[in-house]
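Student: I have a structure I would like to understand better, so I am pasting it below and will then ask my questions one at a time.
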Amino acid sequence: MVLLVSWAPIGLKRLPLTLAIICVALGVLVFSTGLLAFDPDPRTWDTVTERLTELVVIIALMGAGLKLDRPIGWRRWSSTWRLLAIAMPLTIAAVAWLGVAGLGFSLAMALLFGAAMAPTDPVLAADVQVGPPGSGEEDEVRFGLTSEAGLNDALAFPFVHLAILAAAGSLASAGAMTDWVAVKVVWKLLAGAGVGFVVGRGFALLLFHNARAGGMRFGDGLVALAATLIAYTATELAHGYGFLAVFICALTIRAGERDHDFHQEMHDFSDQIERLLMMLLLVLFGGALANGLLSALTWTDALIGLAVVFVVRPAAGLIALLGARQPMRERLLLAFLGIRGVGSVYYVAYGLNHGDFGDSERLWAVVGFIILVSILVHGVTAAPLLERLARRRQSFPAAPAPANPPGSKHGD
C-alpha cells in the first residue's frame, strides 16, 4: 500500500484507472483468497468503521481548505452556495423518497439514507479537486467540487440527527423538534464555524507572525495534523460540528498569509496521510465486498442505487445551477461529478451507532453498491472529462474581463 501511494499516481496517468479502483480491487483479491481470517465487514466493526472514516474525513477537509486559493465571498463562491443550499436538500429529499417508495425503508432509515448520500466526498473526490496551494489549478468545476465537499459534510449532519430522532419516534414531539432546530442545526453549525475560525486564527498568528517580521518559520508539515485535531476536538467539546470547524480552520490559516510557501508543506503532509488512510479504508472496503457486503442487494436496490448516481445528483445539481454564470458544460460536470464515498460510510455508521433503525443489511448493501459505482464510474470518467474541458477552454478562451470592473459593496 505504501508503495502504491508513492508510485500509482505516476503509473496511472495514462490508464483509465484511479488509485481508489486499484485499492478496492486489491482488497477484493486479497480477501477472496481466504488467507486472512479477518472479515472487515462494517456491520460487524461498526464503531471502528465510524472512527476510521471520521479520521480520514477530517484530514481530507484540512487538505481541501488549505489548497483553495480563492478567498471566501458571496459572488466568488456562488456555485458552492447553490450546490449547498439547493442541490443538497433536493438530493436528501429525493433519495429519502426513493428509500421509502422504492426500497420500503422506514422513514427514519430513508432519512439516514438520504443524508448519507447527499455529500460530495472530500476523500475520494481528490482527483477532481483543485491542485496544491498556489498551483493555479483552480477552474470553476474543480473549485466548486472542492468547496462543496469541504462544507457539505457538516451540513448533512443535521439530517442524520433528524433520522436518529425519527428512529426514536420523536418527530411528532414539539420539544424534540425544537431541540433539533436550536441545537442540532443552529448551535452546532455556529459552534463549528466559530471554533474553527478561532483555532485557525490562532494557528495563523503562530505560524506567520514571525514570517512577516522577518523571523524564522515555525514548525513543519506536521502542524497541519495538529491544527486538524485541535480544531476538531475543541469543537466536539463545545458540542459543535467538528467537520465544519476543520474546514473553516484550514480556510482561516490559508487567509492568514495566503501566498506563503508553508501552505504547500502543510498540504503535502495532509495529502500523504489522507492517501494512506484512504487506501487502508478502500482495501478494507474491497474485503467487505469479497465477504458479502452486497449479499442483501436486490435488482430493485441496484436500480435505485444507479438512479442516485446518474439521475438524482445530476438533476439536483443542474437545478441548483440554473441561471449560474458558468457555461452549460461546466454545470454538467459540477452536477455529474458528485462522488460518494468515505463520508457516506461515516454517516451510515454514525446513525446506526446512535439510533435504533432495526435491520440494516439492505441499507449497507445499497450504500456499498452506490459507493462502488461511484468509484468505478467517476474514477474512469473524471480525468478525461476534466482534461477535455481544459483543452476546450484553451481552444475557446472566455472573453477577457473588463479593465475596470464595477466595484462591490462587499469587495467580492
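Each chain in the C-alpha cells gets a letter, A, B and so on, in the order shown; residues start at 1 in every chain, and ligands are counted from 1 in the order they appear.
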At a cut-off of 10 Å, can you tabulate as JSON lines every residue of range 84-157 of chain A near range 60-69 of chain A together with its closest atom pair and the distance in Å to one decimal, using only C-alpha atoms and ordering rows by chain then number?

Tutor:
{"residue": "A:Asp121", "atom": "CA", "partner": "A:Ala60", "partner_atom": "CA", "distance": 9.3}
{"residue": "A:Pro122", "atom": "CA", "partner": "A:Ala60", "partner_atom": "CA", "distance": 5.9}
{"residue": "A:Val123", "atom": "CA", "partner": "A:Ala60", "partner_atom": "CA", "distance": 5.6}
{"residue": "A:Leu124", "atom": "CA", "partner": "A:Ala60", "partner_atom": "CA", "distance": 9.3}
{"residue": "A:Ala125", "atom": "CA", "partner": "A:Ala60", "partner_atom": "CA", "distance": 9.7}
{"residue": "A:Ala126", "atom": "CA", "partner": "A:Ala64", "partner_atom": "CA", "distance": 8.4}
{"residue": "A:Gln129", "atom": "CA", "partner": "A:Ala64", "partner_atom": "CA", "distance": 8.0}
{"residue": "A:Val130", "atom": "CA", "partner": "A:Leu68", "partner_atom": "CA", "distance": 7.0}
{"residue": "A:Gly131", "atom": "CA", "partner": "A:Lys67", "partner_atom": "CA", "distance": 6.7}
{"residue": "A:Pro132", "atom": "CA", "partner": "A:Lys67", "partner_atom": "CA", "distance": 5.1}
{"residue": "A:Pro133", "atom": "CA", "partner": "A:Lys67", "partner_atom": "CA", "distance": 4.2}
{"residue": "A:Gly134", "atom": "CA", "partner": "A:Asp69", "partner_atom": "CA", "distance": 6.4}
{"residue": "A:Ser135", "atom": "CA", "partner": "A:Asp69", "partner_atom": "CA", "distance": 8.7}
{"residue": "A:Gly136", "atom": "CA", "partner": "A:Asp69", "partner_atom": "CA", "distance": 7.9}
{"residue": "A:Glu137", "atom": "CA", "partner": "A:Asp69", "partner_atom": "CA", "distance": 9.2}
{"residue": "A:Glu138", "atom": "CA", "partner": "A:Asp69", "partner_atom": "CA", "distance": 7.6}
{"residue": "A:Arg142", "atom": "CA", "partner": "A:Leu68", "partner_atom": "CA", "distance": 10.0}
{"residue": "A:Phe143", "atom": "CA", "partner": "A:Leu68", "partner_atom": "CA", "distance": 7.4}
{"residue": "A:Thr146", "atom": "CA", "partner": "A:Ala64", "partner_atom": "CA", "distance": 6.4}
{"residue": "A:Ser147", "atom": "CA", "partner": "A:Ala64", "partner_atom": "CA", "distance": 7.6}
{"residue": "A:Ala149", "atom": "CA", "partner": "A:Leu61", "partner_atom": "CA", "distance": 8.0}
{"residue": "A:Gly150", "atom": "CA", "partner": "A:Leu61", "partner_atom": "CA", "distance": 5.6}
{"residue": "A:Leu151", "atom": "CA", "partner": "A:Leu61", "partner_atom": "CA", "distance": 8.6}
{"residue": "A:Asp153", "atom": "CA", "partner": "A:Leu61", "partner_atom": "CA", "distance": 9.3}

Student: Using only C-alpha atoms, which protein or nucleic acid residues come within 7 Å of range 156-168 of chain A? Drop anything in the same chain fewer than 3 positions from it, and give the result as a ChimeraX atom specification.

Tutor: /A:108-109,111-112,115,118-119,152-153,171,184-185,351,354-357

Student: For N, CA, C and O atoms, I'd like the residues from the last selection saved as a compact mmCIF listing (two decimals), in the first residue's frame.

Tutor:
# COMPACT_ATOMS: atom_id res chain seq x y z
N ALA A 108 -37.32 6.75 9.09
CA ALA A 108 -36.04 7.00 9.76
C ALA A 108 -34.87 6.52 8.93
O ALA A 108 -33.90 7.24 8.70
N MET A 109 -34.97 5.28 8.43
CA MET A 109 -33.87 4.73 7.64
C MET A 109 -33.74 5.45 6.31
O MET A 109 -32.63 5.67 5.80
N LEU A 111 -34.43 8.62 5.77
CA LEU A 111 -33.77 9.89 6.06
C LEU A 111 -32.27 9.70 6.23
O LEU A 111 -31.47 10.52 5.75
N LEU A 112 -31.89 8.64 6.92
CA LEU A 112 -30.46 8.35 7.08
C LEU A 112 -29.82 8.05 5.73
O LEU A 112 -28.71 8.52 5.43
N ALA A 115 -29.46 11.43 3.90
CA ALA A 115 -28.40 12.26 4.47
C ALA A 115 -27.02 11.72 4.12
O ALA A 115 -26.08 12.48 3.85
N ALA A 118 -26.10 12.47 0.36
CA ALA A 118 -26.10 13.85 -0.12
C ALA A 118 -24.72 14.47 -0.31
O ALA A 118 -24.49 15.17 -1.29
N PRO A 119 -23.76 14.25 0.62
CA PRO A 119 -22.49 14.99 0.49
C PRO A 119 -21.58 14.45 -0.61
O PRO A 119 -21.46 13.24 -0.81
N ASN A 152 -20.17 20.47 2.74
CA ASN A 152 -21.43 19.73 2.80
C ASN A 152 -21.44 18.58 3.78
O ASN A 152 -22.50 18.11 4.17
N ASP A 153 -20.26 18.11 4.23
CA ASP A 153 -20.26 17.06 5.24
C ASP A 153 -20.91 17.54 6.52
O ASP A 153 -21.74 16.85 7.12
N LEU A 171 -40.42 12.55 16.06
CA LEU A 171 -40.67 13.61 15.09
C LEU A 171 -41.93 14.42 15.40
O LEU A 171 -42.03 15.59 15.04
N LYS A 184 -29.17 21.03 17.17
CA LYS A 184 -28.55 20.23 16.11
C LYS A 184 -28.31 21.04 14.84
O LYS A 184 -27.42 20.70 14.05
N VAL A 185 -29.10 22.10 14.63
CA VAL A 185 -28.90 22.92 13.43
C VAL A 185 -28.16 24.21 13.78
O VAL A 185 -27.01 24.42 13.37
N GLY A 351 -25.07 7.03 12.27
CA GLY A 351 -26.50 6.94 12.50
C GLY A 351 -26.89 5.62 13.16
O GLY A 351 -27.65 5.60 14.14
N HIS A 354 -25.95 5.40 16.80
CA HIS A 354 -26.59 6.33 17.74
C HIS A 354 -28.12 6.27 17.68
O HIS A 354 -28.79 7.07 18.35
N GLY A 355 -28.68 5.38 16.91
CA GLY A 355 -30.13 5.26 16.84
C GLY A 355 -30.54 3.82 16.60
O GLY A 355 -29.72 2.97 16.22
N ASP A 356 -31.80 3.53 16.85
CA ASP A 356 -32.33 2.18 16.67
C ASP A 356 -33.10 2.13 15.35
O ASP A 356 -34.28 2.47 15.28
N PHE A 357 -32.42 1.69 14.30
CA PHE A 357 -33.01 1.66 12.96
C PHE A 357 -33.46 0.27 12.54
O PHE A 357 -33.97 0.10 11.44

Student: Could you work out how far CA of Phe269 in chain A lies from CA of Val283 in chain A, giving the answer in Å with one decimal?

Tutor: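 Taking CA of Val283 in chain A as the start and CA of Phe269 in chain A as the end point, the length is 21.6 Å.
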
Student: Which one of A:His378, A:Arg82, A:His239, A:His263 sits closest to Ile319 in chain A if you count only C-alpha atoms?

Tutor: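 Of A:His378, A:Arg82, A:His239, A:His263, the one nearest Ile319 in chain A is A:Arg82, counting only C-alpha atoms.
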
Student: If you run DSSP on the backbone, which residues of range 73-119 of chain A are alpha helix (DSSP H), as a ChimeraX atom specification?

Tutor: /A:78-82,88-101,107-117

Student: Using only C-alpha atoms, pick whichever of A:Gly256, A:Gly169, A:Pro314, A:Gly292 has the shortest atom-to-atom distance to Leu205 in chain A.

Tutor: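 Closest candidate: A:Gly256.
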